[in-house]
>>> print(open('input_33.cif').read())   # mmCIF, C-alpha atoms (C1' of nucleotides)
data_run
loop_
_atom_site.group_PDB
_atom_site.id
_atom_site.type_symbol
_atom_site.label_atom_id
_atom_site.label_comp_id
_atom_site.auth_asym_id
_atom_site.auth_seq_id
_atom_site.Cartn_x
_atom_site.Cartn_y
_atom_site.Cartn_z
ATOM 1 C CA MET A 25 -50.217 4.380 57.661
ATOM 2 C CA GLU A 26 -48.049 7.213 56.467
ATOM 3 C CA SER A 27 -47.664 10.304 58.637
ATOM 4 C CA SER A 28 -48.394 13.700 57.131
ATOM 5 C CA THR A 29 -44.868 14.818 57.937
ATOM 6 C CA ASP A 30 -43.607 11.871 55.964
ATOM 7 C CA LEU A 31 -45.793 12.820 53.021
ATOM 8 C CA LEU A 32 -44.401 16.333 53.228
ATOM 9 C CA PHE A 33 -40.743 15.309 53.212
ATOM 10 C CA LYS A 34 -41.320 12.800 50.446
ATOM 11 C CA ALA A 35 -43.199 15.324 48.330
ATOM 12 C CA LEU A 36 -40.358 17.820 48.585
ATOM 13 C CA ALA A 37 -37.630 15.240 47.990
ATOM 14 C CA ASP A 38 -38.063 15.355 44.228
ATOM 15 C CA PRO A 39 -36.367 18.360 42.580
ATOM 16 C CA THR A 40 -38.939 18.642 39.809
ATOM 17 C CA ARG A 41 -41.685 18.802 42.405
ATOM 18 C CA ARG A 42 -39.779 21.367 44.456
ATOM 19 C CA ALA A 43 -39.328 23.455 41.311
ATOM 20 C CA LEU A 44 -43.072 23.366 40.649
ATOM 21 C CA PHE A 45 -43.825 24.369 44.223
ATOM 22 C CA GLU A 46 -41.210 27.132 44.145
ATOM 23 C CA ARG A 47 -42.678 28.533 40.962
ATOM 24 C CA LEU A 48 -46.129 28.578 42.510
ATOM 25 C CA CYS A 49 -44.680 30.356 45.539
ATOM 26 C CA LEU A 50 -42.892 32.934 43.398
ATOM 27 C CA ASP A 51 -45.383 33.600 40.655
ATOM 28 C CA GLY A 52 -48.600 32.568 42.339
ATOM 29 C CA GLU A 53 -51.386 30.597 40.716
ATOM 30 C CA ALA A 54 -50.769 28.844 37.399
ATOM 31 C CA THR A 55 -52.539 26.417 35.099
ATOM 32 C CA VAL A 56 -51.251 22.939 34.334
ATOM 33 C CA GLY A 57 -50.431 24.056 30.807
ATOM 34 C CA ALA A 58 -48.336 26.981 32.013
ATOM 35 C CA LEU A 59 -46.522 24.784 34.504
ATOM 36 C CA THR A 60 -45.902 22.124 31.850
ATOM 37 C CA ALA A 61 -44.379 24.709 29.509
ATOM 38 C CA GLY A 62 -41.565 25.451 31.921
ATOM 39 C CA ALA A 63 -41.064 22.005 33.384
ATOM 40 C CA GLY A 64 -39.305 20.132 30.597
ATOM 41 C CA ILE A 65 -41.443 17.033 31.081
ATOM 42 C CA SER A 66 -44.754 15.832 29.692
ATOM 43 C CA GLN A 67 -48.117 17.143 30.852
ATOM 44 C CA PRO A 68 -49.132 13.853 32.486
ATOM 45 C CA ALA A 69 -45.903 13.850 34.476
ATOM 46 C CA VAL A 70 -46.651 17.372 35.683
ATOM 47 C CA SER A 71 -50.184 16.360 36.624
ATOM 48 C CA LYS A 72 -48.863 13.462 38.636
ATOM 49 C CA HIS A 73 -46.402 15.680 40.490
ATOM 50 C CA LEU A 74 -49.172 18.157 41.224
ATOM 51 C CA GLY A 75 -51.227 15.276 42.570
ATOM 52 C CA VAL A 76 -48.450 14.374 44.981
ATOM 53 C CA LEU A 77 -48.061 17.991 46.084
ATOM 54 C CA LYS A 78 -51.807 18.238 46.572
ATOM 55 C CA GLN A 79 -51.904 15.078 48.662
ATOM 56 C CA ALA A 80 -49.189 16.578 50.861
ATOM 57 C CA GLY A 81 -51.324 19.703 51.247
ATOM 58 C CA LEU A 82 -48.715 21.865 49.526
ATOM 59 C CA VAL A 83 -50.978 23.074 46.724
ATOM 60 C CA LEU A 84 -54.624 23.848 46.140
ATOM 61 C CA ASP A 85 -56.437 23.382 42.865
ATOM 62 C CA ARG A 86 -59.242 25.470 41.465
ATOM 63 C CA HIS A 87 -61.211 24.403 38.410
ATOM 64 C CA GLU A 88 -62.204 27.095 35.955
ATOM 65 C CA GLY A 89 -63.759 25.978 32.705
ATOM 66 C CA ARG A 90 -61.509 23.372 31.186
ATOM 67 C CA GLN A 91 -58.379 24.438 32.992
ATOM 68 C CA THR A 92 -57.174 23.766 36.520
ATOM 69 C CA HIS A 93 -55.358 26.473 38.422
ATOM 70 C CA TYR A 94 -52.890 25.408 41.095
ATOM 71 C CA SER A 95 -51.604 27.602 43.906
ATOM 72 C CA ALA A 96 -49.072 27.149 46.714
ATOM 73 C CA GLN A 97 -50.280 26.563 50.236
ATOM 74 C CA GLN A 98 -47.261 27.739 52.190
ATOM 75 C CA ARG A 99 -48.887 26.969 55.511
ATOM 76 C CA ALA A 100 -48.321 23.300 54.737
ATOM 77 C CA LEU A 101 -44.616 23.893 55.378
ATOM 78 C CA ALA A 102 -45.323 24.402 59.080
ATOM 79 C CA PRO A 103 -44.510 20.820 60.164
ATOM 80 C CA LEU A 104 -41.205 21.067 58.336
ATOM 81 C CA VAL A 105 -40.364 24.338 60.063
ATOM 82 C CA ASP A 106 -41.395 22.864 63.407
ATOM 83 C CA TRP A 107 -39.270 19.791 62.857
ATOM 84 C CA THR A 108 -36.128 21.726 61.962
ATOM 85 C CA GLY A 109 -36.839 23.925 64.964
ATOM 86 C CA ARG A 110 -37.035 20.931 67.277
ATOM 87 C CA MET A 111 -33.821 19.489 65.891
ATOM 88 C CA ASN A 112 -32.051 22.784 66.361
ATOM 89 C CA ARG A 113 -33.442 23.453 69.799
ATOM 90 C CA PHE A 114 -31.472 20.498 71.104
ATOM 91 C CA TRP A 115 -28.404 21.863 69.510
ATOM 92 C CA GLU A 116 -28.967 25.272 71.095
ATOM 93 C CA ALA A 117 -29.809 23.620 74.410
ATOM 94 C CA ARG A 118 -26.540 21.769 74.402
ATOM 95 C CA PHE A 119 -24.893 25.010 73.394
ATOM 96 C CA ASP A 120 -26.531 26.761 76.345
ATOM 97 C CA ASP A 121 -25.346 23.981 78.632
ATOM 98 C CA LEU A 122 -21.845 24.594 77.390
ATOM 99 C CA GLU A 123 -22.192 28.278 78.058
ATOM 100 C CA ASP A 124 -23.490 27.577 81.532
ATOM 101 C CA LEU A 125 -20.599 25.273 82.174
ATOM 102 C CA LEU A 126 -18.111 27.876 81.016
ATOM 103 C CA LYS A 127 -19.788 30.490 83.173
ATOM 104 C CA ARG A 128 -19.640 28.267 86.222
ATOM 105 C CA MET A 129 -16.003 27.478 85.528
ATOM 106 C CA ASP A 130 -15.279 31.177 85.297
ATOM 107 C CA GLN A 131 -16.476 31.879 88.808
ATOM 108 C CA MET B 30 -24.594 16.518 39.240
ATOM 109 C CA GLU B 31 -26.779 16.605 42.315
ATOM 110 C CA SER B 32 -27.116 19.795 44.334
ATOM 111 C CA SER B 33 -26.368 19.666 48.056
ATOM 112 C CA THR B 34 -29.888 20.886 48.809
ATOM 113 C CA ASP B 35 -31.209 17.955 46.828
ATOM 114 C CA LEU B 36 -29.028 15.559 48.799
ATOM 115 C CA LEU B 37 -30.396 17.076 51.996
ATOM 116 C CA PHE B 38 -34.060 16.716 51.069
ATOM 117 C CA LYS B 39 -33.540 13.206 49.752
ATOM 118 C CA ALA B 40 -31.643 12.167 52.881
ATOM 119 C CA LEU B 41 -34.471 13.358 55.112
ATOM 120 C CA ALA B 42 -37.213 11.888 52.941
ATOM 121 C CA ASP B 43 -36.823 8.433 54.447
ATOM 122 C CA PRO B 44 -38.510 7.995 57.857
ATOM 123 C CA THR B 45 -35.942 5.494 59.132
ATOM 124 C CA ARG B 46 -33.175 7.935 58.294
ATOM 125 C CA ARG B 47 -35.035 10.809 59.940
ATOM 126 C CA ALA B 48 -35.483 8.662 63.046
ATOM 127 C CA LEU B 49 -31.746 7.969 63.174
ATOM 128 C CA PHE B 50 -30.964 11.649 62.779
ATOM 129 C CA GLU B 51 -33.535 12.621 65.421
ATOM 130 C CA ARG B 52 -32.056 10.157 67.857
ATOM 131 C CA LEU B 53 -28.593 11.570 67.301
ATOM 132 C CA CYS B 54 -29.998 15.058 67.847
ATOM 133 C CA LEU B 55 -31.756 14.038 71.078
ATOM 134 C CA ASP B 56 -29.271 11.693 72.676
ATOM 135 C CA GLY B 57 -26.046 12.831 71.063
ATOM 136 C CA GLU B 58 -23.295 10.591 69.786
ATOM 137 C CA ALA B 59 -23.953 6.870 69.374
ATOM 138 C CA THR B 60 -22.233 3.817 67.933
ATOM 139 C CA VAL B 61 -23.574 1.841 64.992
ATOM 140 C CA GLY B 62 -24.387 -1.020 67.339
ATOM 141 C CA ALA B 63 -26.434 1.191 69.652
ATOM 142 C CA LEU B 64 -28.279 2.726 66.731
ATOM 143 C CA THR B 65 -28.951 -0.695 65.230
ATOM 144 C CA ALA B 66 -30.426 -1.917 68.539
ATOM 145 C CA GLY B 67 -33.228 0.626 68.360
ATOM 146 C CA ALA B 68 -33.772 0.737 64.631
ATOM 147 C CA GLY B 69 -35.574 -2.513 63.950
ATOM 148 C CA ILE B 70 -33.505 -3.222 60.849
ATOM 149 C CA SER B 71 -30.216 -5.005 60.188
ATOM 150 C CA GLN B 72 -26.842 -3.470 60.917
ATOM 151 C CA PRO B 73 -25.868 -3.166 57.237
ATOM 152 C CA ALA B 74 -29.076 -1.268 56.580
ATOM 153 C CA VAL B 75 -28.258 1.137 59.401
ATOM 154 C CA SER B 76 -24.738 1.581 58.074
ATOM 155 C CA LYS B 77 -26.099 2.421 54.644
ATOM 156 C CA HIS B 78 -28.494 4.992 56.073
ATOM 157 C CA LEU B 79 -25.681 6.546 58.069
ATOM 158 C CA GLY B 80 -23.656 6.705 54.877
ATOM 159 C CA VAL B 81 -26.437 8.658 53.173
ATOM 160 C CA LEU B 82 -26.760 11.018 56.140
ATOM 161 C CA LYS B 83 -23.010 11.529 56.146
ATOM 162 C CA GLN B 84 -22.943 12.303 52.437
ATOM 163 C CA ALA B 85 -25.613 14.917 53.045
ATOM 164 C CA GLY B 86 -23.466 16.428 55.789
ATOM 165 C CA LEU B 87 -26.051 15.640 58.459
ATOM 166 C CA VAL B 88 -23.795 13.449 60.579
ATOM 167 C CA LEU B 89 -20.129 13.133 61.460
ATOM 168 C CA ASP B 90 -18.342 9.900 62.204
ATOM 169 C CA ARG B 91 -15.505 9.329 64.625
ATOM 170 C CA HIS B 92 -13.585 6.079 64.712
ATOM 171 C CA GLU B 93 -12.524 4.766 68.080
ATOM 172 C CA GLY B 94 -11.068 1.318 68.183
ATOM 173 C CA ARG B 95 -13.355 -0.995 66.348
ATOM 174 C CA GLN B 96 -16.445 1.088 66.769
ATOM 175 C CA THR B 97 -17.656 4.131 64.875
ATOM 176 C CA HIS B 98 -19.406 6.911 66.721
ATOM 177 C CA TYR B 99 -21.874 9.033 64.788
ATOM 178 C CA SER B 100 -23.121 12.458 65.807
ATOM 179 C CA ALA B 101 -25.653 14.913 64.388
ATOM 180 C CA GLN B 102 -24.420 17.977 62.540
ATOM 181 C CA GLN B 103 -27.423 20.259 62.951
ATOM 182 C CA ARG B 104 -25.784 23.052 60.993
ATOM 183 C CA ALA B 105 -26.409 21.003 57.866
ATOM 184 C CA LEU B 106 -30.092 21.853 58.228
ATOM 185 C CA ALA B 107 -29.348 25.474 57.331
ATOM 186 C CA PRO B 108 -30.213 25.168 53.615
ATOM 187 C CA LEU B 109 -33.534 23.601 54.546
ATOM 188 C CA VAL B 110 -34.298 26.435 56.947
ATOM 189 C CA ASP B 111 -33.258 28.981 54.321
ATOM 190 C CA TRP B 112 -35.433 27.339 51.701
ATOM 191 C CA THR B 113 -38.552 27.269 53.848
ATOM 192 C CA GLY B 114 -37.771 30.864 54.758
ATOM 193 C CA ARG B 115 -37.612 31.881 51.109
ATOM 194 C CA MET B 116 -40.842 30.094 50.325
ATOM 195 C CA ASN B 117 -42.549 31.789 53.245
ATOM 196 C CA ARG B 118 -41.110 35.212 52.599
ATOM 197 C CA PHE B 119 -43.135 35.443 49.413
ATOM 198 C CA TRP B 120 -46.206 34.501 51.328
ATOM 199 C CA GLU B 121 -45.449 37.156 53.940
ATOM 200 C CA ALA B 122 -44.581 39.651 51.216
ATOM 201 C CA ARG B 123 -47.921 39.081 49.591
ATOM 202 C CA PHE B 124 -49.442 39.355 53.026
ATOM 203 C CA ASP B 125 -47.663 42.657 53.589
ATOM 204 C CA ASP B 126 -48.897 43.901 50.234
ATOM 205 C CA LEU B 127 -52.410 43.075 51.318
ATOM 206 C CA GLU B 128 -51.880 44.932 54.569
ATOM 207 C CA ASP B 129 -50.491 47.907 52.688
ATOM 208 C CA LEU B 130 -53.452 47.877 50.376
ATOM 209 C CA LEU B 131 -55.860 47.745 53.278
ATOM 210 C CA LYS B 132 -53.997 50.587 54.976
ATOM 211 C CA ARG B 133 -54.138 52.724 51.868
ATOM 212 C CA MET B 134 -57.817 51.953 51.451
ATOM 213 C CA ASP B 135 -58.361 52.952 55.028
ATOM 214 C CA GLN B 136 -57.024 56.459 54.496
ATOM 215 C "C1'" DC C 8 -1.716 -17.002 67.108
ATOM 216 C "C1'" DA C 9 -6.601 -17.792 67.170
ATOM 217 C "C1'" DT C 10 -11.018 -16.121 68.138
ATOM 218 C "C1'" DA C 11 -14.519 -12.736 68.784
ATOM 219 C "C1'" DT C 12 -16.394 -8.254 67.941
ATOM 220 C "C1'" DT C 13 -17.695 -4.247 65.277
ATOM 221 C "C1'" DC C 14 -18.574 -2.155 61.317
ATOM 222 C "C1'" DA C 15 -18.557 -1.520 56.069
ATOM 223 C "C1'" DT C 16 -19.150 -3.328 51.561
ATOM 224 C "C1'" DA C 17 -20.804 -6.506 47.883
ATOM 225 C "C1'" DA C 18 -24.412 -8.790 45.638
ATOM 226 C "C1'" DC C 19 -28.959 -9.482 45.201
ATOM 227 C "C1'" DT C 20 -34.209 -8.695 45.369
ATOM 228 C "C1'" DG C 21 -38.867 -6.745 45.562
ATOM 229 C "C1'" DG C 22 -41.325 -2.738 45.503
ATOM 230 C "C1'" DA C 23 -41.705 2.209 44.914
ATOM 231 C "C1'" DT C 24 -41.180 5.946 41.684
ATOM 232 C "C1'" DG C 25 -40.574 9.135 37.832
ATOM 233 C "C1'" DG C 26 -40.952 9.108 33.239
ATOM 234 C "C1'" DT C 27 -43.339 7.841 28.801
ATOM 235 C "C1'" DT C 28 -47.483 7.141 25.310
ATOM 236 C "C1'" DA C 29 -52.377 6.335 24.736
ATOM 237 C "C1'" DT C 30 -56.768 7.542 25.877
ATOM 238 C "C1'" DG C 31 -60.871 9.433 28.027
ATOM 239 C "C1'" DA C 32 -63.778 13.216 30.195
ATOM 240 C "C1'" DG C 33 -65.422 17.636 30.162
ATOM 241 C "C1'" DA C 34 -65.717 22.386 28.595
ATOM 242 C "C1'" DA C 35 -65.286 25.736 24.796
ATOM 243 C "C1'" DA C 36 -65.496 26.994 20.030
ATOM 244 C "C1'" DT C 37 -66.919 26.532 15.180
ATOM 245 C "C1'" DA D 26 -73.056 18.216 16.368
ATOM 246 C "C1'" DT D 27 -68.395 18.128 15.620
ATOM 247 C "C1'" DT D 28 -64.129 19.505 16.626
ATOM 248 C "C1'" DT D 29 -60.659 21.387 19.648
ATOM 249 C "C1'" DC D 30 -58.577 22.190 23.870
ATOM 250 C "C1'" DT D 31 -57.158 21.163 28.646
ATOM 251 C "C1'" DC D 32 -56.334 18.154 31.987
ATOM 252 C "C1'" DA D 33 -56.432 13.505 34.485
ATOM 253 C "C1'" DT D 34 -55.957 8.666 34.391
ATOM 254 C "C1'" DA D 35 -54.387 4.079 32.737
ATOM 255 C "C1'" DA D 36 -50.904 1.073 31.356
ATOM 256 C "C1'" DC D 37 -46.404 0.285 30.926
ATOM 257 C "C1'" DC D 38 -41.238 0.571 31.560
ATOM 258 C "C1'" DA D 39 -36.632 1.600 33.378
ATOM 259 C "C1'" DT D 40 -34.400 2.951 37.213
ATOM 260 C "C1'" DC D 41 -33.765 3.784 41.989
ATOM 261 C "C1'" DC D 42 -33.933 2.452 46.638
ATOM 262 C "C1'" DA D 43 -34.406 0.208 51.119
ATOM 263 C "C1'" DG D 44 -34.032 -3.976 52.795
ATOM 264 C "C1'" DT D 45 -31.811 -8.672 53.057
ATOM 265 C "C1'" DT D 46 -27.703 -12.229 53.585
ATOM 266 C "C1'" DA D 47 -22.852 -13.104 52.992
ATOM 267 C "C1'" DT D 48 -18.420 -11.705 53.681
ATOM 268 C "C1'" DG D 49 -14.274 -9.082 54.548
ATOM 269 C "C1'" DA D 50 -11.284 -5.686 57.200
ATOM 270 C "C1'" DA D 51 -9.758 -4.057 61.320
ATOM 271 C "C1'" DT D 52 -9.420 -4.067 66.170
ATOM 272 C "C1'" DA D 53 -9.714 -6.154 70.662
ATOM 273 C "C1'" DT D 54 -9.360 -10.353 73.570
ATOM 274 C "C1'" DG D 55 -7.994 -15.061 75.258
#
>>> encode(input="input_33.cif", output="structure tokens")
Amino acid sequence: MESSTDLLFKALADPTRRALFERLCLDGEATVGALTAGAGISQPAVSKHLGVLKQAGLVLDRHEGRQTHYSAQQRALAPLVDWTGRMNRFWEARFDDLEDLLKRMDQ
Amino acid sequence: MESSTDLLFKALADPTRRALFERLCLDGEATVGALTAGAGISQPAVSKHLGVLKQAGLVLDRHEGRQTHYSAQQRALAPLVDWTGRMNRFWEARFDDLEDLLKRMDQ
DNA sequence: CATATTCATAACTGGATGGTTATGAGAAAT
DNA sequence: ATTTCTCATAACCATCCAGTTATGAATATG
């Protein structure tokens, strides 16, 4: 079983995939053809990347005639934001402890 | 050439590596032996993971006698936080635009 | 000095992964 | 109906990667 957080990190680990997601964030919805034009790789490769992003919940697809429009689903980044927050909270906590210690030493 | 952001994402993509980093964040400094005890994999595997984390700037190592102490360097998460921020800003911006539009329509 | 401990590195292996070309499915156009 | 267009999937390949065992380097211990 693979956790959804794991899927998320793995999906974003590939730079080509991140670039696709970034473009969708910046420019909004785009077709596979449009995305392929700027990606520097073949259309099937782009489709596969989009499949991975979709599985991670990072993009949505919408079928319109013979083309598929993909769009970013920024909400899917939430677990990543939460995780970094948790990791940093401990840092801040330890920082606060240090401050407390210094304060107590000052008295 | 591999960007430092890329190194960061790739380093965190592996669940074993994330677990090691999380442990260092939670419990602070630890030796390779201690980390190996809880990792469920061989010591060389742990050492390799720590090497990857170190290269990504996520951990620091301190040699003391014959043991090496590793500690989390939470600051290294900054680019990740920035990136998620940038990706979400556009979402918020578009959200703000929608709010503006609704406001203007309301007048 | 000899031995034990702790970690890092080397060499290897199986499986995942990112790319390719070929092809098929479905919708539009002629 | 045939052709064209857009995308997804299949099959394949090279490379990367996470794990292993074996071993060496450096430090502590007897």
>>> resolve_selection(input="input_33.cif", expression="the PyMOL selection byres ((chain C) within 10 of (chain A))", output="list in words")
DG25, DG26, DT27, DT28, DG33, DA34 and DA35 of chain C
>>> calpha_fit_and_write(input="input_33.cif", fixed="chain B", moving="chain A", output="mmCIF file with C-alpha atoms, keeping the file's coordinate frame")
data_model
loop_
_atom_site.group_PDB
_atom_site.id
_atom_site.type_symbol
_atom_site.label_atom_id
_atom_site.label_comp_id
_atom_site.auth_asym_id
_atom_site.auth_seq_id
_atom_site.Cartn_x
_atom_site.Cartn_y
_atom_site.Cartn_z
ATOM 1 C CA MET A 25 -24.798 16.753 39.186
ATOM 2 C CA GLU A 26 -26.913 16.718 42.297
ATOM 3 C CA SER A 27 -27.199 19.873 44.388
ATOM 4 C CA SER A 28 -26.407 19.695 48.086
ATOM 5 C CA THR A 29 -29.896 20.923 48.894
ATOM 6 C CA ASP A 30 -31.249 18.037 46.894
ATOM 7 C CA LEU A 31 -29.077 15.600 48.813
ATOM 8 C CA LEU A 32 -30.383 17.102 52.032
ATOM 9 C CA PHE A 33 -34.064 16.786 51.149
ATOM 10 C CA LYS A 34 -33.580 13.284 49.814
ATOM 11 C CA ALA A 35 -31.668 12.198 52.903
ATOM 12 C CA LEU A 36 -34.446 13.402 55.183
ATOM 13 C CA ALA A 37 -37.241 11.961 53.046
ATOM 14 C CA ASP A 38 -36.850 8.493 54.519
ATOM 15 C CA PRO A 39 -38.495 8.088 57.948
ATOM 16 C CA THR A 40 -35.950 5.561 59.177
ATOM 17 C CA ARG A 41 -33.170 7.981 58.330
ATOM 18 C CA ARG A 42 -34.990 10.864 60.002
ATOM 19 C CA ALA A 43 -35.430 8.707 63.102
ATOM 20 C CA LEU A 44 -31.697 7.984 63.195
ATOM 21 C CA PHE A 45 -30.878 11.662 62.810
ATOM 22 C CA GLU A 46 -33.428 12.649 65.456
ATOM 23 C CA ARG A 47 -31.965 10.168 67.897
ATOM 24 C CA LEU A 48 -28.496 11.557 67.313
ATOM 25 C CA CYS A 49 -29.866 15.054 67.887
ATOM 26 C CA LEU A 50 -31.618 14.037 71.100
ATOM 27 C CA ASP A 51 -29.145 11.677 72.678
ATOM 28 C CA GLY A 52 -25.934 12.804 71.046
ATOM 29 C CA GLU A 53 -23.215 10.519 69.755
ATOM 30 C CA ALA A 54 -23.913 6.804 69.345
ATOM 31 C CA THR A 55 -22.228 3.743 67.895
ATOM 32 C CA VAL A 56 -23.607 1.788 64.959
ATOM 33 C CA GLY A 57 -24.443 -1.072 67.301
ATOM 34 C CA ALA A 58 -26.454 1.159 69.620
ATOM 35 C CA LEU A 59 -28.289 2.713 66.698
ATOM 36 C CA THR A 60 -29.003 -0.716 65.202
ATOM 37 C CA ALA A 61 -30.493 -1.922 68.489
ATOM 38 C CA GLY A 62 -33.260 0.650 68.349
ATOM 39 C CA ALA A 63 -33.824 0.765 64.616
ATOM 40 C CA GLY A 64 -35.660 -2.478 63.921
ATOM 41 C CA ILE A 65 -33.590 -3.200 60.822
ATOM 42 C CA SER A 66 -30.326 -4.997 60.153
ATOM 43 C CA GLN A 67 -26.919 -3.506 60.891
ATOM 44 C CA PRO A 68 -25.962 -3.205 57.214
ATOM 45 C CA ALA A 69 -29.166 -1.290 56.541
ATOM 46 C CA VAL A 70 -28.321 1.104 59.366
ATOM 47 C CA SER A 71 -24.802 1.541 58.018
ATOM 48 C CA LYS A 72 -26.166 2.383 54.609
ATOM 49 C CA HIS A 73 -28.552 4.966 56.040
ATOM 50 C CA LEU A 74 -25.715 6.498 58.029
ATOM 51 C CA GLY A 75 -23.713 6.660 54.820
ATOM 52 C CA VAL A 76 -26.481 8.630 53.149
ATOM 53 C CA LEU A 77 -26.771 10.984 56.120
ATOM 54 C CA LYS A 78 -23.015 11.454 56.105
ATOM 55 C CA GLN A 79 -22.968 12.245 52.399
ATOM 56 C CA ALA A 80 -25.620 14.893 53.040
ATOM 57 C CA GLY A 81 -23.407 16.350 55.771
ATOM 58 C CA LEU A 82 -25.985 15.588 58.457
ATOM 59 C CA VAL A 83 -23.728 13.376 60.566
ATOM 60 C CA LEU A 84 -20.072 13.042 61.435
ATOM 61 C CA ASP A 85 -18.310 9.788 62.165
ATOM 62 C CA ARG A 86 -15.473 9.191 64.571
ATOM 63 C CA HIS A 87 -13.567 5.919 64.659
ATOM 64 C CA GLU A 88 -12.540 4.596 68.043
ATOM 65 C CA GLY A 89 -11.051 1.132 68.163
ATOM 66 C CA ARG A 90 -13.380 -1.188 66.331
ATOM 67 C CA GLN A 91 -16.462 0.944 66.719
ATOM 68 C CA THR A 92 -17.640 4.007 64.827
ATOM 69 C CA HIS A 93 -19.369 6.801 66.684
ATOM 70 C CA TYR A 94 -21.829 8.950 64.760
ATOM 71 C CA SER A 95 -23.029 12.392 65.798
ATOM 72 C CA ALA A 96 -25.537 14.891 64.396
ATOM 73 C CA GLN A 97 -24.301 17.932 62.543
ATOM 74 C CA GLN A 98 -27.267 20.240 62.978
ATOM 75 C CA ARG A 99 -25.620 23.018 61.020
ATOM 76 C CA ALA A 100 -26.282 20.970 57.897
ATOM 77 C CA LEU A 101 -29.964 21.857 58.280
ATOM 78 C CA ALA A 102 -29.201 25.474 57.390
ATOM 79 C CA PRO A 103 -30.085 25.193 53.674
ATOM 80 C CA LEU A 104 -33.405 23.647 54.630
ATOM 81 C CA VAL A 105 -34.148 26.464 57.059
ATOM 82 C CA ASP A 106 -33.111 29.019 54.447
ATOM 83 C CA TRP A 107 -35.315 27.428 51.825
ATOM 84 C CA THR A 108 -38.421 27.363 54.008
ATOM 85 C CA GLY A 109 -37.622 30.946 54.947
ATOM 86 C CA ARG A 110 -37.469 32.003 51.312
ATOM 87 C CA MET A 111 -40.733 30.251 50.532
ATOM 88 C CA ASN A 112 -42.419 31.925 53.459
ATOM 89 C CA ARG A 113 -40.971 35.342 52.802
ATOM 90 C CA PHE A 114 -42.994 35.518 49.609
ATOM 91 C CA TRP A 115 -46.048 34.593 51.516
ATOM 92 C CA GLU A 116 -45.386 37.301 54.100
ATOM 93 C CA ALA A 117 -44.543 39.767 51.337
ATOM 94 C CA ARG A 118 -47.855 39.149 49.675
ATOM 95 C CA PHE A 119 -49.437 39.426 53.089
ATOM 96 C CA ASP A 120 -47.722 42.779 53.612
ATOM 97 C CA ASP A 121 -48.945 43.918 50.210
ATOM 98 C CA LEU A 122 -52.445 43.054 51.296
ATOM 99 C CA GLU A 123 -52.004 45.013 54.475
ATOM 100 C CA ASP A 124 -50.681 47.966 52.531
ATOM 101 C CA LEU A 125 -53.617 47.780 50.203
ATOM 102 C CA LEU A 126 -56.057 47.701 53.092
ATOM 103 C CA LYS A 127 -54.293 50.629 54.708
ATOM 104 C CA ARG A 128 -54.457 52.660 51.529
ATOM 105 C CA MET A 129 -58.119 51.798 51.112
ATOM 106 C CA ASP A 130 -58.758 52.946 54.652
ATOM 107 C CA GLN A 131 -57.503 56.447 54.002
#
>>> resolve_selection(input="input_33.cif", expression="the PyMOL selection byres ((chain B and resi 100) around 12)", output="VMD selection string")
(chain A and resid 115) or (chain B and resid 49 to 61 64 79 82 to 83 86 to 92 97 to 99 101 to 104)
>>> atom_distance(input="input_33.cif", atom1="atom CA of A:Arg41", atom2="atom CA of B:Ser32")
14.7 Å
>>> interface_residues(input="input_33.cif", of="chain D", to="chain B", cutoff="10 Å", atoms="only C-alpha atoms (C1' of nucleotides)", output="list in words")
DA43, DG44, DT45, DT46, DA51, DT52 and DA53 of chain D
>>> resolve_selection(input="input_33.cif", expression="the PyMOL selection byres ((chain B) within 6 of (chain A))", output="VMD selection string")
chain B and resid 38 to 39 42
>>> write_last_selection(input="input_33.cif", atoms="C-alpha atoms", output="PDB file, in the coordinates of the input")
ATOM      1  CA  PHE B  38     -34.060  16.716  51.069  1.00  0.00           C
ATOM      2  CA  LYS B  39     -33.540  13.206  49.752  1.00  0.00           C
ATOM      3  CA  ALA B  42     -37.213  11.888  52.941  1.00  0.00           C
TER       4      ALA B  42
END
